[in-house]
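Text of the file upload.pdb, holding PDB, C-alpha atoms:
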ATOM      1  CA  MET A   1      22.271  40.828  18.006
ATOM      2  CA  THR A   2      23.674  40.283  14.540
ATOM      3  CA  ALA A   3      23.847  42.963  11.839
ATOM      4  CA  ALA A   4      21.236  41.208   9.689
ATOM      5  CA  LEU A   5      18.792  41.040  12.594
ATOM      6  CA  PHE A   6      19.363  44.719  13.382
ATOM      7  CA  VAL A   7      18.685  45.674   9.734
ATOM      8  CA  PHE A   8      15.546  43.508   9.777
ATOM      9  CA  TYR A   9      14.146  45.224  12.877
ATOM     10  CA  LEU A  10      15.043  48.661  11.508
ATOM     11  CA  LEU A  11      13.357  48.053   8.139
ATOM     12  CA  ALA A  12      10.329  46.450   9.796
ATOM     13  CA  PHE A  13       9.902  49.380  12.194
ATOM     14  CA  VAL A  14      10.152  51.965   9.400
ATOM     15  CA  THR A  15       7.715  49.955   7.250
ATOM     16  CA  VAL A  16       5.083  49.788   9.998
ATOM     17  CA  ALA A  17       5.572  53.473  10.880
ATOM     18  CA  ALA A  18       5.254  54.513   7.228
ATOM     19  CA  ALA A  19       2.116  52.374   6.827
ATOM     20  CA  VAL A  20       0.544  54.064   9.851
ATOM     21  CA  MET A  21       1.424  57.481   8.446
ATOM     22  CA  VAL A  22      -0.210  56.576   5.113
ATOM     23  CA  ILE A  23      -3.504  56.257   7.005
ATOM     24  CA  ALA A  24      -2.942  59.135   9.416
ATOM     25  CA  ALA A  25      -1.620  61.756   6.966
ATOM     26  CA  ARG A  26      -4.117  64.515   6.204
ATOM     27  CA  ASN A  27      -2.460  65.580   2.979
ATOM     28  CA  PRO A  28      -2.893  62.930   0.213
ATOM     29  CA  VAL A  29       0.453  63.842  -1.342
ATOM     30  CA  HIS A  30       2.188  63.153   1.975
ATOM     31  CA  ALA A  31       0.284  59.857   2.209
ATOM     32  CA  VAL A  32       1.631  58.789  -1.189
ATOM     33  CA  LEU A  33       5.185  59.715  -0.157
ATOM     34  CA  PHE A  34       4.838  57.626   3.010
ATOM     35  CA  LEU A  35       3.484  54.801   0.836
ATOM     36  CA  ILE A  36       6.603  54.972  -1.338
ATOM     37  CA  LEU A  37       8.752  54.830   1.812
ATOM     38  CA  ALA A  38       6.843  51.732   2.967
ATOM     39  CA  PHE A  39       7.397  50.092  -0.442
ATOM     40  CA  PHE A  40      11.139  50.768  -0.329
ATOM     41  CA  ASN A  41      11.482  49.270   3.149
ATOM     42  CA  SER A  42       9.366  46.264   2.155
ATOM     43  CA  ALA A  43      11.697  45.730  -0.784
ATOM     44  CA  GLY A  44      14.619  45.864   1.647
ATOM     45  CA  LEU A  45      12.992  43.151   3.760
ATOM     46  CA  LEU A  46      12.509  40.962   0.670
ATOM     47  CA  ILE A  47      16.148  41.434  -0.329
ATOM     48  CA  LEU A  48      17.185  40.563   3.217
ATOM     49  CA  VAL A  49      15.510  37.137   2.993
ATOM     50  CA  GLY A  50      16.996  36.452  -0.441
ATOM     51  CA  ALA A  51      14.092  37.404  -2.736
ATOM     52  CA  GLU A  52      15.993  39.969  -4.787
ATOM     53  CA  LEU A  53      13.775  39.732  -7.877
ATOM     54  CA  VAL A  54      10.542  40.267  -5.954
ATOM     55  CA  GLY A  55      12.092  43.210  -4.096
ATOM     56  CA  MET A  56      13.193  44.886  -7.325
ATOM     57  CA  LEU A  57       9.784  44.218  -8.885
ATOM     58  CA  LEU A  58       8.164  45.874  -5.874
ATOM     59  CA  ILE A  59      10.214  49.016  -6.449
ATOM     60  CA  VAL A  60       9.828  49.070 -10.244
ATOM     61  CA  VAL A  61       6.123  48.217 -10.432
ATOM     62  CA  TYR A  62       4.645  49.824  -7.332
ATOM     63  CA  VAL A  63       6.987  52.746  -6.701
ATOM     64  CA  GLY A  64       7.803  53.425 -10.337
ATOM     65  CA  ALA A  65       4.278  53.067 -11.710
ATOM     66  CA  VAL A  66       1.391  52.758  -9.278
ATOM     67  CA  ALA A  67       2.461  55.197  -6.550
ATOM     68  CA  VAL A  68       3.779  57.822  -8.980
ATOM     69  CA  LEU A  69       0.627  57.528 -11.111
ATOM     70  CA  PHE A  70      -1.540  57.905  -8.000
ATOM     71  CA  LEU A  71       0.507  60.948  -6.967
ATOM     72  CA  PHE A  72       0.026  62.629 -10.339
ATOM     73  CA  VAL A  73      -3.705  61.803 -10.361
ATOM     74  CA  VAL A  74      -4.163  63.298  -6.892
ATOM     75  CA  MET A  75      -2.237  66.421  -7.849
ATOM     76  CA  MET A  76      -4.068  66.914 -11.169
ATOM     77  CA  LEU A  77      -7.648  66.237 -10.057
ATOM     78  CA  ASP A  78      -7.568  68.828  -7.241
ATOM     79  CA  ILE A  79     -10.039  66.870  -5.092
ATOM     80  CA  ASN A  80     -11.660  68.643  -2.144
ATOM     81  CA  PHE A  81     -10.645  66.231   0.622
ATOM     82  CA  VAL A  82     -12.228  68.411   3.309
ATOM     83  CA  GLN A  83     -15.632  67.710   1.796
ATOM     84  CA  LEU A  84     -14.870  63.988   1.570
ATOM     85  CA  ARG A  85     -13.996  63.837   5.280
ATOM     86  CA  GLU A  86     -17.290  65.397   6.386
ATOM     87  CA  GLY A  87     -19.059  62.012   6.576
ATOM     88  CA  PHE A  88     -16.188  60.344   8.435
ATOM     89  CA  LEU A  89     -17.989  60.000  11.786
ATOM     90  CA  GLN A  90     -21.009  58.169  10.372
ATOM     91  CA  TYR A  91     -18.751  55.436   8.923
ATOM     92  CA  LEU A  92     -16.557  55.233  12.027
ATOM     93  CA  PRO A  93     -18.452  52.361  13.779
ATOM     94  CA  VAL A  94     -18.399  50.168  10.668
ATOM     95  CA  GLY A  95     -14.725  50.940  10.078
ATOM     96  CA  ALA A  96     -13.857  50.181  13.688
ATOM     97  CA  LEU A  97     -15.708  46.846  13.487
ATOM     98  CA  VAL A  98     -13.871  45.853  10.282
ATOM     99  CA  GLY A  99     -10.548  46.908  11.811
ATOM    100  CA  LEU A 100     -11.242  44.855  14.940
ATOM    101  CA  VAL A 101     -12.064  41.769  12.849
ATOM    102  CA  LEU A 102      -8.832  42.206  10.847
ATOM    103  CA  LEU A 103      -6.826  42.623  14.056
ATOM    104  CA  VAL A 104      -8.266  39.409  15.514
ATOM    105  CA  GLU A 105      -7.480  37.551  12.271
ATOM    106  CA  LEU A 106      -3.899  38.838  12.256
ATOM    107  CA  ILE A 107      -3.406  37.771  15.876
ATOM    108  CA  MET A 108      -4.775  34.297  15.056
ATOM    109  CA  VAL A 109      -2.462  33.965  12.032
ATOM    110  CA  LEU A 110       0.612  35.171  13.886
ATOM    111  CA  GLY A 111      -0.169  32.892  16.818
ATOM    112  CA  THR A 112       0.077  29.782  14.642
ATOM    113  CA  ARG A 113       3.417  30.613  13.042
ATOM    114  CA  VAL A 114       6.929  30.394  14.424
ATOM    115  CA  VAL A 115       8.922  33.562  13.759
ATOM    116  CA  PRO A 116      12.678  32.926  13.315
ATOM    117  CA  THR A 117      14.871  34.908  15.667
ATOM    118  CA  THR A 118      17.980  35.036  13.481
ATOM    119  CA  ALA A 119      18.567  35.702   9.799
ATOM    120  CA  ALA A 120      20.390  32.377   9.473
ATOM    121  CA  ALA A 121      17.241  30.514  10.522
ATOM    122  CA  MET A 122      15.171  32.117   7.773
ATOM    123  CA  PRO A 123      14.522  29.814   4.802
ATOM    124  CA  ARG A 124      16.239  30.589   1.534
ATOM    125  CA  ALA A 125      14.037  32.038  -1.204
ATOM    126  CA  ALA A 126      15.767  29.943  -3.880
ATOM    127  CA  PRO A 127      17.564  26.581  -3.779
ATOM    128  CA  GLU A 128      21.346  26.472  -3.845
ATOM    129  CA  GLY A 129      22.816  26.984  -7.308
ATOM    130  CA  VAL A 130      19.603  28.468  -8.747
ATOM    131  CA  THR A 131      19.029  32.167  -9.221
ATOM    132  CA  ASN A 132      16.038  33.864  -7.686
ATOM    133  CA  ALA A 133      14.433  34.632 -11.052
ATOM    134  CA  GLU A 134      14.883  31.049 -12.261
ATOM    135  CA  ALA A 135      13.384  29.594  -9.083
ATOM    136  CA  LEU A 136      10.393  31.930  -9.316
ATOM    137  CA  GLY A 137       9.902  31.048 -12.996
ATOM    138  CA  ARG A 138      10.013  27.328 -12.281
ATOM    139  CA  LEU A 139       7.445  27.719  -9.519
ATOM    140  CA  LEU A 140       5.077  29.911 -11.534
ATOM    141  CA  TYR A 141       5.192  27.859 -14.729
ATOM    142  CA  THR A 142       4.963  24.414 -13.083
ATOM    143  CA  ASP A 143       3.045  24.293  -9.810
ATOM    144  CA  TYR A 144       1.022  27.494 -10.256
ATOM    145  CA  PHE A 145       0.714  27.593 -14.049
ATOM    146  CA  TYR A 146      -3.096  27.584 -14.214
ATOM    147  CA  LEU A 147      -3.427  30.140 -11.438
ATOM    148  CA  PHE A 148      -0.853  32.324 -13.201
ATOM    149  CA  GLN A 149      -2.820  32.147 -16.460
ATOM    150  CA  ALA A 150      -6.071  32.843 -14.599
ATOM    151  CA  ALA A 151      -4.525  35.954 -13.070
ATOM    152  CA  GLY A 152      -3.532  37.085 -16.563
ATOM    153  CA  VAL A 153      -7.099  36.585 -17.800
ATOM    154  CA  VAL A 154      -8.468  38.581 -14.854
ATOM    155  CA  LEU A 155      -6.075  41.430 -15.623
ATOM    156  CA  LEU A 156      -7.043  41.310 -19.307
ATOM    157  CA  VAL A 157     -10.738  41.514 -18.429
ATOM    158  CA  ALA A 158      -9.992  44.436 -16.093
ATOM    159  CA  ILE A 159      -8.143  46.283 -18.872
ATOM    160  CA  VAL A 160     -10.958  45.715 -21.367
ATOM    161  CA  GLY A 161     -13.540  46.800 -18.778
ATOM    162  CA  ALA A 162     -11.617  49.988 -17.952
ATOM    163  CA  ILE A 163     -11.331  50.868 -21.646
ATOM    164  CA  THR A 164     -15.033  50.160 -22.184
ATOM    165  CA  LEU A 165     -16.112  52.290 -19.222
ATOM    166  CA  THR A 166     -13.964  55.271 -20.184
ATOM    167  CA  LEU A 167     -14.623  55.157 -23.954
ATOM    168  CA  ARG A 168     -16.959  57.933 -25.055
ATOM    169  CA  HIS A 169     -18.262  58.254 -28.614
ATOM    170  CA  ARG A 170     -18.485  61.915 -29.527
ATOM    171  CA  PRO A 171     -20.582  62.741 -32.600
ATOM    172  CA  ASP A 172     -18.447  65.776 -33.469
ATOM    173  CA  ALA A 173     -15.176  63.828 -33.524
ATOM    174  CA  ARG A 174     -13.668  63.109 -36.937
ATOM    175  CA  ARG A 175     -13.044  59.422 -37.568
ATOM    176  CA  GLN A 176     -11.313  57.512 -40.295
ATOM    177  CA  ASP A 177     -13.535  55.825 -42.910
ATOM    178  CA  ILE A 178     -11.455  53.200 -44.695
ATOM    179  CA  ALA A 179     -14.156  52.355 -47.263
ATOM    180  CA  ALA A 180     -14.544  56.000 -48.274
ATOM    181  CA  GLN A 181     -10.790  56.346 -48.657
ATOM    182  CA  VAL A 182     -10.616  53.285 -50.884
ATOM    183  CA  ARG A 183     -13.515  54.492 -53.065
ATOM    184  CA  ARG A 184     -12.034  57.938 -53.527
ATOM    185  CA  ARG A 185     -11.088  58.910 -57.092
ATOM    186  CA  PRO A 186      -8.625  61.579 -58.179
ATOM    187  CA  GLN A 187     -11.444  63.460 -59.910
ATOM    188  CA  ASP A 188     -13.247  63.861 -56.585
ATOM    189  CA  THR A 189     -10.375  65.485 -54.756
ATOM    190  CA  LEU A 190      -8.198  67.136 -57.402
ATOM    191  CA  GLU A 191      -8.942  70.162 -59.513
ATOM    192  CA  VAL A 192      -6.509  71.004 -62.286
ATOM    193  CA  ARG A 193      -6.345  74.674 -63.265
ATOM    194  CA  LYS A 194      -4.358  76.389 -65.901
ATOM    195  CA  VAL A 195      -2.618  79.360 -64.383
ATOM    196  CA  ARG A 196      -1.564  82.174 -66.658
ATOM    197  CA  PRO A 197       1.690  83.960 -65.939
ATOM    198  CA  ARG A 198       1.397  87.057 -63.716
ATOM    199  CA  SER A 199      -2.324  86.492 -63.123
ATOM    200  CA  GLY A 200      -2.474  84.272 -60.072
ATOM    201  CA  ILE A 201      -5.103  81.672 -59.337
TER
END

So, in terms of structure tokens, how does the structure I just supplied come out?
Amino acid sequence: MTAALFVFYLLAFVTVAAAVMVIAARNPVHAVLFLILAFFNSAGLLILVGAELVGMLLIVVYVGAVAVLFLFVVMMLDINFVQLREGFLQYLPVGALVGLVLLVELIMVLGTRVVPTTAAAMPRAAPEGVTNAEALGRLLYTDYFYLFQAAGVVLLVAIVGAITLTLRHRPDARRQDIAAQVRRRPQDTLEVRKVRPRSGI
């Protein structure tokens, strides 16, 4: 067994174990920490096959933004997870059925693919003489350009929808009126008084 194959099996085992603990952990904060561990090991697997840019993006975007944001939201909201778990048994048959369907699909997908046994047999993520970022850019902006733009439009619609759903107009909030500011005259806002010495205003 080569060193690269040993590192692959080690990272894969830790990733699967961390993913199982994300589901099995009772404390949501512990679940987020296991999720971060799974992201780090997934990034290690991507670096192992030569996709350095995607691995670093996984750490920066998911660990640095999504997982940390989720952790802070869970800690700040103080959700009663005991109350949420009370109806767990009534959804158990549906969840088990969905899990069984996903398991069958995964077995069918894995049965049609040939898994390489050595790291040398794994395909390179980028052609020779081309950096990983350049190869990914060429692929995104040539073959998958329209899909890439469509994904950007979907994200833009999601951002606008989130802002629209969370925007609340409060009648007591003070807002800026540009027209009133433009129409304002010095006589409306200033009052000139003649102050005598030692008399005050």

Pick out the residues sitting within 8 Å of region 45-47 of chain A, and hand them over as a list in words; count only C-alpha atoms, and ignore anything fewer than 5 positions along from it in its own chain.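 Contacts, in chain order: Phe8, Leu11, Ala12, Glu52, Val54 and Gly55 of chain A.
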
Please provide the set of residues having any atom within 12 Å of Phe72 (chain A), restricted to all atoms listed in the file, with same-chain residues fewer than 6 positions apart removed, written as a list in words. Pro28, Val29, Val32, Leu33, Ala65, Val66 and Asp78 of chain A

Two-atom distance - CA of Leu5 (chain A), CA of Ala17 (chain A) (Å):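 According to the coordinates, CA of Leu5 (chain A) and CA of Ala17 (chain A) are separated by 18.2 Å.
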
Separation of CA of Arg168 (chain A) from CA of Leu69 (chain A) in Å: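 It comes out at 22.4 Å.
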
Between A:Phe39, A:Tyr91, A:Tyr62, A:Tyr141, single out the one closest to Ala19 (chain A), counting only C-alpha atoms. A:Phe39

To verify the selection step, state as JSON, numbers by chain which residues the PyMOL selection byres ((chain A and resi 21) around 12) yields on this input. {"A": [14, 15, 16, 17, 18, 19, 20, 22, 23, 24, 25, 26, 27, 28, 29, 30, 31, 32, 33, 34, 35, 36, 37, 38]}

Pick from A:Val195, A:Val109, A:Ala4, A:Leu53, whichever lies nearest to Asn132 (chain A) using only C-alpha atoms: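 For Asn132 (chain A), the nearest of the candidates is A:Leu53.
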
At what distance in Å, to one decimal, does CA of Leu102 (chain A) lie from CA of Leu58 (chain A)?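 Going from CA of Leu58 (chain A) over to CA of Leu102 (chain A), I get 24.1 Å.
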
Nearest residue to Ala51 (chain A) from the set A:Leu147, A:Leu139, A:Ala133, A:Leu155 (distances using all atoms listed in the file):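 Using all atoms listed in the file, the shortest distance to Ala51 (chain A) belongs to A:Ala133.
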
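If all atoms listed in the file are the atoms counted, then among A:Gly64, A:Val73, A:Gln149, A:Val7 the closest residue to Val49 (chain A) is A:Val7.
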